[in-house]
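**Student:** start.txt (compact mmCIF, C-alpha atoms) pasted underneath:
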```txt
# COMPACT_ATOMS: atom_id res chain seq x y z
CA MET A 19 71.30 44.14 85.97
CA GLN A 20 74.73 45.71 85.90
CA GLN A 21 76.32 47.22 82.82
CA ALA A 22 79.99 47.19 82.11
CA ILE A 23 81.64 50.51 81.41
CA HIS A 24 84.54 50.66 79.01
CA VAL A 25 87.29 53.26 79.69
CA ASP A 26 90.33 53.81 77.52
CA ALA A 27 93.70 54.09 79.20
CA ASP A 28 94.22 57.44 77.40
CA GLN A 29 91.27 58.88 79.34
CA LEU A 30 92.83 57.97 82.71
CA ALA A 31 96.34 59.19 82.01
CA PRO A 32 97.03 62.78 83.25
CA ARG A 33 97.90 65.35 80.65
CA SER A 34 101.42 66.55 80.84
CA ARG A 35 100.71 70.13 79.62
CA PRO A 36 97.68 72.15 78.73
CA PRO A 37 97.12 72.71 75.05
CA PRO A 38 99.18 75.59 73.65
CA VAL A 39 97.59 79.07 73.68
CA LYS A 40 97.79 81.22 70.63
CA ALA A 41 99.91 84.38 71.04
CA GLU A 42 97.10 86.81 70.12
CA HIS A 43 94.85 85.27 72.78
CA SER A 44 97.60 85.63 75.40
CA ARG A 45 98.16 89.35 74.63
CA ALA A 46 94.40 90.08 74.74
CA TYR A 47 94.16 88.25 78.05
CA ASP A 48 97.11 90.24 79.47
CA ARG A 49 95.49 93.56 78.40
CA VAL A 50 92.14 92.66 79.96
CA MET A 51 93.78 91.48 83.17
CA ALA A 52 95.99 94.59 83.39
CA SER A 53 92.92 96.81 82.96
CA PHE A 54 91.06 94.75 85.57
CA ARG A 55 93.96 95.01 88.04
CA ARG A 56 94.13 98.82 87.60
CA ARG A 57 90.39 99.14 88.18
CA LEU A 58 90.54 96.81 91.18
CA ALA A 59 93.47 98.75 92.66
CA GLY A 60 91.62 102.04 92.13
CA LEU A 61 88.47 100.64 93.70
CA LEU A 62 90.42 99.32 96.69
CA ALA A 63 92.22 102.66 97.13
CA LEU A 64 88.92 104.55 96.96
CA THR A 65 87.31 102.17 99.45
CA CYS A 66 90.23 102.52 101.85
CA CYS A 67 90.18 106.32 101.59
CA LEU A 68 86.44 106.52 102.16
CA GLY A 69 86.63 104.00 105.00
CA ALA A 70 89.52 105.86 106.63
CA ALA A 71 87.71 109.19 106.31
CA SER A 72 84.51 107.86 107.88
CA LEU A 73 86.53 106.07 110.57
CA ALA A 74 88.40 109.31 111.33
CA ARG A 75 85.07 111.14 111.67
CA ALA A 76 83.74 108.42 113.96
CA VAL A 77 86.89 108.28 116.10
CA GLN A 78 87.38 112.03 116.47
CA ALA A 79 86.35 113.09 119.93
CA PRO A 80 83.97 115.98 120.18
CA PRO A 81 85.68 119.21 121.06
CA ALA A 82 86.31 119.57 124.77
CA PRO A 83 83.81 121.89 126.43
CA VAL A 84 85.22 125.27 127.34
CA ALA A 85 84.88 126.29 130.99
CA THR A 86 84.76 129.98 131.84
CA PRO A 87 84.44 131.58 135.27
CA ALA A 88 80.80 132.29 136.09
CA PRO A 89 79.67 135.92 136.36
CA SER A 90 79.45 137.15 139.97
CA GLN A 91 75.65 137.45 139.72
CA VAL A 92 75.38 133.74 138.83
CA VAL A 93 77.70 132.80 141.71
CA THR A 94 75.56 134.83 144.14
CA GLU A 95 72.33 133.24 142.85
CA LEU A 96 73.80 129.74 143.20
CA GLN A 97 75.13 130.42 146.71
CA SER A 98 71.64 131.59 147.74
CA ALA A 99 70.00 128.50 146.20
CA ILE A 100 72.49 126.20 147.96
CA GLU A 101 71.95 127.97 151.29
CA ARG A 102 68.15 127.59 150.97
CA ALA A 103 68.54 123.87 150.21
CA ARG A 104 70.96 123.49 153.17
CA GLN A 105 68.47 125.15 155.54
CA ARG A 106 65.63 122.96 154.22
CA PHE A 107 67.84 119.88 154.75
CA GLU A 108 68.54 120.79 158.40
CA ALA A 109 64.79 121.44 158.89
CA ARG A 110 64.17 117.92 157.50
CA ASP A 111 61.93 119.41 154.82
CA LEU A 112 62.05 116.81 152.04
CA ALA A 113 59.98 118.84 149.56
CA GLY A 114 62.10 121.93 150.24
CA VAL A 115 65.35 120.08 149.53
CA LEU A 116 64.00 118.39 146.40
CA ALA A 117 62.76 121.76 145.08
CA ALA A 118 66.44 122.50 144.35
CA VAL A 119 66.74 119.36 142.20
CA SER A 120 65.52 119.16 138.59
CA GLU A 121 63.05 116.48 137.55
CA ARG A 122 65.65 115.53 134.92
CA TYR A 123 68.42 115.03 137.52
CA ARG A 124 70.76 112.17 136.70
CA SER A 125 74.32 111.77 137.92
CA SER A 126 76.38 108.57 138.25
CA GLY A 127 73.22 106.48 138.18
CA MET A 128 71.49 108.63 140.81
CA THR A 129 68.09 110.08 139.89
CA LYS A 130 65.82 112.47 141.76
CA ALA A 131 63.71 109.50 142.92
CA ALA A 132 66.80 107.74 144.32
CA LEU A 133 67.93 110.96 146.00
CA ARG A 134 64.48 111.22 147.60
CA GLU A 135 64.84 107.69 149.03
CA GLN A 136 68.30 108.48 150.45
CA LEU A 137 67.02 111.64 152.12
CA LEU A 138 64.08 109.74 153.64
CA ALA A 139 66.49 107.12 155.02
CA MET A 140 68.73 109.82 156.53
CA PHE A 141 65.77 111.63 158.10
CA ALA A 142 64.59 108.32 159.62
CA LEU A 143 68.02 107.29 160.93
CA TYR A 144 69.32 110.52 162.44
CA GLN A 145 67.49 112.49 165.13
CA GLU A 146 69.07 115.70 163.89
CA LEU A 147 71.17 116.66 160.86
CA ARG A 148 73.57 119.53 160.20
CA ALA A 149 75.18 120.51 156.94
CA ARG A 150 78.05 122.81 156.11
CA VAL A 151 78.57 123.66 152.41
CA ALA A 152 81.09 126.10 150.96
CA VAL A 153 81.03 127.10 147.29
CA GLU A 154 84.67 127.13 146.11
CA ARG A 155 84.18 128.13 142.49
CA VAL A 156 81.61 128.16 139.71
CA GLU A 157 82.39 127.63 136.02
CA MET A 158 80.04 127.93 133.07
CA VAL A 159 80.20 124.99 130.63
CA ASP A 160 77.77 124.63 127.72
CA GLY A 161 75.10 126.70 129.45
CA GLY A 162 75.36 124.79 132.72
CA ALA A 163 77.00 125.94 135.93
CA TRP A 164 79.61 123.58 137.36
CA VAL A 165 79.52 124.30 141.07
CA TYR A 166 82.53 123.05 143.06
CA THR A 167 81.82 122.69 146.77
CA SER A 168 83.36 121.32 149.94
CA GLY A 169 81.41 120.41 153.02
CA GLU A 170 80.29 118.03 155.66
CA VAL A 171 77.04 116.50 156.86
CA THR A 172 76.80 115.34 160.47
CA GLY A 173 73.97 113.51 162.16
CA ARG A 174 72.99 112.75 165.74
CA LEU A 175 72.33 109.09 166.50
CA PRO A 176 70.60 107.85 169.67
CA LEU A 177 73.15 106.67 172.26
CA MET A 178 76.12 107.57 170.01
CA GLY A 179 75.79 111.29 169.60
CA TRP A 180 77.08 113.26 166.60
CA VAL A 181 78.80 111.38 163.73
CA THR A 182 80.08 112.43 160.34
CA VAL A 183 77.68 111.17 157.69
CA LEU A 184 79.38 112.60 154.63
CA ALA A 185 82.38 114.81 153.87
CA TRP A 186 83.72 116.07 150.53
CA GLN A 187 86.22 118.51 149.05
CA GLY A 188 86.14 120.27 145.70
CA GLU A 189 83.36 118.07 144.31
CA PRO A 190 81.52 119.32 141.20
CA GLU A 191 77.81 119.29 140.58
CA VAL A 192 75.97 120.68 137.55
CA ALA A 193 73.11 123.17 137.83
CA ARG A 194 70.97 124.76 135.13
CA ARG A 195 68.58 127.65 135.22
CA GLU A 196 65.00 126.40 134.89
CA ALA A 197 61.66 128.18 135.23
CA ALA A 198 61.85 127.75 139.02
CA GLY A 199 65.42 129.12 139.16
CA TRP A 200 68.76 127.33 139.49
CA ARG A 201 68.33 123.59 140.03
CA LEU A 202 70.74 120.68 140.17
CA ILE A 203 70.60 118.62 137.00
CA GLY A 204 73.64 116.36 137.43
CA PHE A 205 76.09 115.18 134.80
CA GLN A 206 73.35 113.38 132.82
CA ASP A 207 75.37 110.16 132.68
```
The structure in this file should be written as structure tokens.

**Tutor:**
Amino acid sequence: MQQAIHVDADQLAPRSRPPPVKAEHSRAYDRVMASFRRRLAGLLALTCCLGAASLARAVQAPPAPVATPAPSQVVTELQSAIERARQRFEARDLAGVLAAVSERYRSSGMTKAALREQLLAMFALYQELRARVAVERVEMVDGGAWVYTSGEVTGRLPLMGWVTVLAWQGEPEVARREAAGWRLIGFQD
């Protein structure tokens, strides 16, 4: 059963203006709102300052490492270590070459295990290998030695003879002193 609802026309007509506000209520409202706006502005300013300060700390790059020329004793030790590794490479002594590489070696995605695989592949492919390595300069950076070398690796292939396998100029590598002496550690990236 449906019921009829009675609505007056006054209820449907829109009001032309809100009811008048008393003057004392308007002044109290203005004071409260002014106080609220000041507090809100202060809170926003504080938030922005704190956010900017933490953003500045997050964005600031760490200080650039300082490179200093390595002492002559360090250069001599590194040249000897590189020469031993070069001789072991030409003798195709995998363990001897890898003895110059830290267990923590990591550089441009290359690890000691990956280096081992590359050396095994080279030893299998070439009948004989020769290496020439010249130390150009050594710089100390954050306790590590940045060793800049130039050189060339050549290999003898059956039926083709000697070919250049690898050549480089002024390339850096990072070494650190470990219990076993100076070992390559890489850039750790």

**Student:** Which of these, A:Trp180, A:Trp164, A:Tyr123, A:Trp200, has the shortest distance to Ile100 (chain A) once you count all atoms listed in the file?

**Tutor:**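 Among A:Trp180, A:Trp164, A:Tyr123, A:Trp200, it is A:Trp200 that comes nearest to Ile100 (chain A).
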
**Student:** Which polymer residues, whether protein, DNA or RNA, lie within 12 Å of the coordinate (58.2, 110.8, 152.0) when you count all atoms listed in the file? List them as a list of chain:residue names, using the chain letters and numbers from the file.

**Tutor:** A:Arg110, A:Asp111, A:Leu112, A:Ala113, A:Gly114, A:Val115, A:Leu116, A:Ala131, A:Ala132, A:Leu133, A:Arg134, A:Glu135, A:Gln136, A:Leu137, A:Leu138, A:Ala139, A:Met140, A:Phe141, A:Ala142

**Student:** Quote the spacing between CA of Leu96 (chain A) and CA of Gly199 (chain A) in Å to one decimal place.

**Tutor:**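 Straight-line distance from CA of Leu96 (chain A) to CA of Gly199 (chain A) works out to 9.3 Å.
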
**Student:** When distances are computed from only C-alpha atoms, which of A:Phe107, A:Glu196, A:Glu157, A:Gly127 shows the smallest separation from Val171 (chain A)?

**Tutor:**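 When distances to Val171 (chain A) are compared using only C-alpha atoms, the smallest one comes from A:Phe107.
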
**Student:** Report, in Å to a single decimal, how far apart CA of Val183 (chain A) and CA of Gln145 (chain A) are.

**Tutor:**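 Separating CA of Gln145 (chain A) from CA of Val183 (chain A) is a distance of 12.7 Å.
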
**Student:** Show me the residues close to (83.9, 122.1, 148.5) - anything with an atom within 12 Å, counting only C-alpha atoms - and format the list as a PyMOL selection string.

**Tutor:** chain A and resi 150-156+165-170+185-191

**Student:** How would the residues just picked look written out with C-alpha atoms as a short mmCIF file (atom, residue, chain, number, x, y, z; two decimals), in the coordinates of the input?

**Tutor:**
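Result written to again.cif:
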```
data_model
loop_
_atom_site.label_atom_id
_atom_site.label_comp_id
_atom_site.auth_asym_id
_atom_site.auth_seq_id
_atom_site.Cartn_x
_atom_site.Cartn_y
_atom_site.Cartn_z
CA ARG A 150 78.05 122.81 156.11
CA VAL A 151 78.57 123.66 152.41
CA ALA A 152 81.09 126.10 150.96
CA VAL A 153 81.03 127.10 147.29
CA GLU A 154 84.67 127.13 146.11
CA ARG A 155 84.18 128.13 142.49
CA VAL A 156 81.61 128.16 139.71
CA VAL A 165 79.52 124.30 141.07
CA TYR A 166 82.53 123.05 143.06
CA THR A 167 81.82 122.69 146.77
CA SER A 168 83.36 121.32 149.94
CA GLY A 169 81.41 120.41 153.02
CA GLU A 170 80.29 118.03 155.66
CA ALA A 185 82.38 114.81 153.87
CA TRP A 186 83.72 116.07 150.53
CA GLN A 187 86.22 118.51 149.05
CA GLY A 188 86.14 120.27 145.70
CA GLU A 189 83.36 118.07 144.31
CA PRO A 190 81.52 119.32 141.20
CA GLU A 191 77.81 119.29 140.58
#
```

**Student:** Calculated over all atoms listed in the file, which of the candidates A:Arg148, A:Asp160, A:Ala193, A:Gln91 has the smallest distance to Arg174 (chain A)?

**Tutor:**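 Distance minimum relative to Arg174 (chain A) lands on A:Arg148.
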
**Student:** What gap, in Å, lies between CA of Val192 (chain A) and CA of Lys130 (chain A)?

**Tutor:** 13.7 Å

**Student:** Looking at A:Gly162, A:Arg201, A:Glu108, A:Leu147, which one is nearest to Gly179 (chain A), with distances taken over all atoms listed in the file?

**Tutor:**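 Using all atoms listed in the file, Gly179 (chain A) sits closest to A:Leu147.
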
**Student:** Between A:Ala163, A:Ser98, A:Met128, A:Met178, which residue has the minimum interatomic distance to Val84 (chain A), considering only C-alpha atoms?

**Tutor:**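 Checking each of A:Ala163, A:Ser98, A:Met128, A:Met178 against Val84 (chain A), counting only C-alpha atoms, the winner is A:Ala163.
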
**Student:** Could you check which of A:Phe205, A:Arg124, A:Ala149, A:Tyr144 is closest to Glu101 (chain A), using all atoms listed in the file?

**Tutor:**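 Using all atoms listed in the file, the shortest distance to Glu101 (chain A) belongs to A:Ala149.
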
**Student:** Is it possible to add N, CA and C atoms to region 186-205 of chain A and hand it back as a PDB file, keeping the file's coordinate frame?

**Tutor:**
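The resulting file, result25.pdb, is shown below:
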```pdb
ATOM      1  N   TRP A 186      83.190 115.981 151.888  1.00  0.00           N
ATOM      2  CA  TRP A 186      83.720 116.070 150.530  1.00  0.00           C
ATOM      3  C   TRP A 186      84.525 117.341 150.370  1.00  0.00           C
ATOM      4  N   GLN A 187      85.392 117.343 149.366  1.00  0.00           N
ATOM      5  CA  GLN A 187      86.220 118.510 149.050  1.00  0.00           C
ATOM      6  C   GLN A 187      86.285 118.701 147.550  1.00  0.00           C
ATOM      7  N   GLY A 188      85.996 119.911 147.098  1.00  0.00           N
ATOM      8  CA  GLY A 188      86.140 120.270 145.700  1.00  0.00           C
ATOM      9  C   GLY A 188      85.340 119.418 144.731  1.00  0.00           C
ATOM     10  N   GLU A 189      84.189 118.923 145.164  1.00  0.00           N
ATOM     11  CA  GLU A 189      83.360 118.070 144.310  1.00  0.00           C
ATOM     12  C   GLU A 189      82.467 118.911 143.406  1.00  0.00           C
ATOM     13  N   PRO A 190      82.387 118.557 142.114  1.00  0.00           N
ATOM     14  CA  PRO A 190      81.520 119.320 141.200  1.00  0.00           C
ATOM     15  C   PRO A 190      80.102 118.768 141.157  1.00  0.00           C
ATOM     16  N   GLU A 191      79.189 119.646 140.870  1.00  0.00           N
ATOM     17  CA  GLU A 191      77.810 119.290 140.580  1.00  0.00           C
ATOM     18  C   GLU A 191      77.346 120.264 139.498  1.00  0.00           C
ATOM     19  N   VAL A 192      76.416 119.843 138.659  1.00  0.00           N
ATOM     20  CA  VAL A 192      75.970 120.680 137.550  1.00  0.00           C
ATOM     21  C   VAL A 192      74.567 121.211 137.840  1.00  0.00           C
ATOM     22  N   ALA A 193      74.418 122.523 137.654  1.00  0.00           N
ATOM     23  CA  ALA A 193      73.110 123.170 137.830  1.00  0.00           C
ATOM     24  C   ALA A 193      72.748 123.888 136.539  1.00  0.00           C
ATOM     25  N   ARG A 194      71.473 123.995 136.277  1.00  0.00           N
ATOM     26  CA  ARG A 194      70.970 124.760 135.130  1.00  0.00           C
ATOM     27  C   ARG A 194      69.826 125.639 135.596  1.00  0.00           C
ATOM     28  N   ARG A 195      69.690 126.754 134.906  1.00  0.00           N
ATOM     29  CA  ARG A 195      68.580 127.650 135.220  1.00  0.00           C
ATOM     30  C   ARG A 195      67.321 127.088 134.558  1.00  0.00           C
ATOM     31  N   GLU A 196      66.293 126.853 135.372  1.00  0.00           N
ATOM     32  CA  GLU A 196      65.000 126.400 134.890  1.00  0.00           C
ATOM     33  C   GLU A 196      63.968 127.453 135.259  1.00  0.00           C
ATOM     34  N   ALA A 197      62.713 127.203 134.941  1.00  0.00           N
ATOM     35  CA  ALA A 197      61.660 128.180 135.230  1.00  0.00           C
ATOM     36  C   ALA A 197      61.614 128.515 136.717  1.00  0.00           C
ATOM     37  N   ALA A 198      61.896 127.544 137.572  1.00  0.00           N
ATOM     38  CA  ALA A 198      61.850 127.750 139.020  1.00  0.00           C
ATOM     39  C   ALA A 198      63.156 128.330 139.567  1.00  0.00           C
ATOM     40  N   GLY A 199      64.124 128.612 138.711  1.00  0.00           N
ATOM     41  CA  GLY A 199      65.420 129.120 139.160  1.00  0.00           C
ATOM     42  C   GLY A 199      66.518 128.096 138.943  1.00  0.00           C
ATOM     43  N   TRP A 200      67.645 128.274 139.618  1.00  0.00           N
ATOM     44  CA  TRP A 200      68.760 127.330 139.490  1.00  0.00           C
ATOM     45  C   TRP A 200      68.410 126.034 140.192  1.00  0.00           C
ATOM     46  N   ARG A 201      68.601 124.917 139.461  1.00  0.00           N
ATOM     47  CA  ARG A 201      68.330 123.590 140.030  1.00  0.00           C
ATOM     48  C   ARG A 201      69.438 122.650 139.613  1.00  0.00           C
ATOM     49  N   LEU A 202      69.731 121.696 140.493  1.00  0.00           N
ATOM     50  CA  LEU A 202      70.740 120.680 140.170  1.00  0.00           C
ATOM     51  C   LEU A 202      70.188 119.768 139.079  1.00  0.00           C
ATOM     52  N   ILE A 203      71.033 119.494 138.098  1.00  0.00           N
ATOM     53  CA  ILE A 203      70.600 118.620 137.000  1.00  0.00           C
ATOM     54  C   ILE A 203      71.526 117.397 136.886  1.00  0.00           C
ATOM     55  N   GLY A 204      72.702 117.477 137.474  1.00  0.00           N
ATOM     56  CA  GLY A 204      73.640 116.360 137.430  1.00  0.00           C
ATOM     57  C   GLY A 204      74.413 116.339 136.122  1.00  0.00           C
ATOM     58  N   PHE A 205      75.241 115.311 135.981  1.00  0.00           N
ATOM     59  CA  PHE A 205      76.090 115.180 134.800  1.00  0.00           C
ATOM     60  C   PHE A 205      75.390 114.490 133.641  1.00  0.00           C
TER      61      PHE A 205
END
```
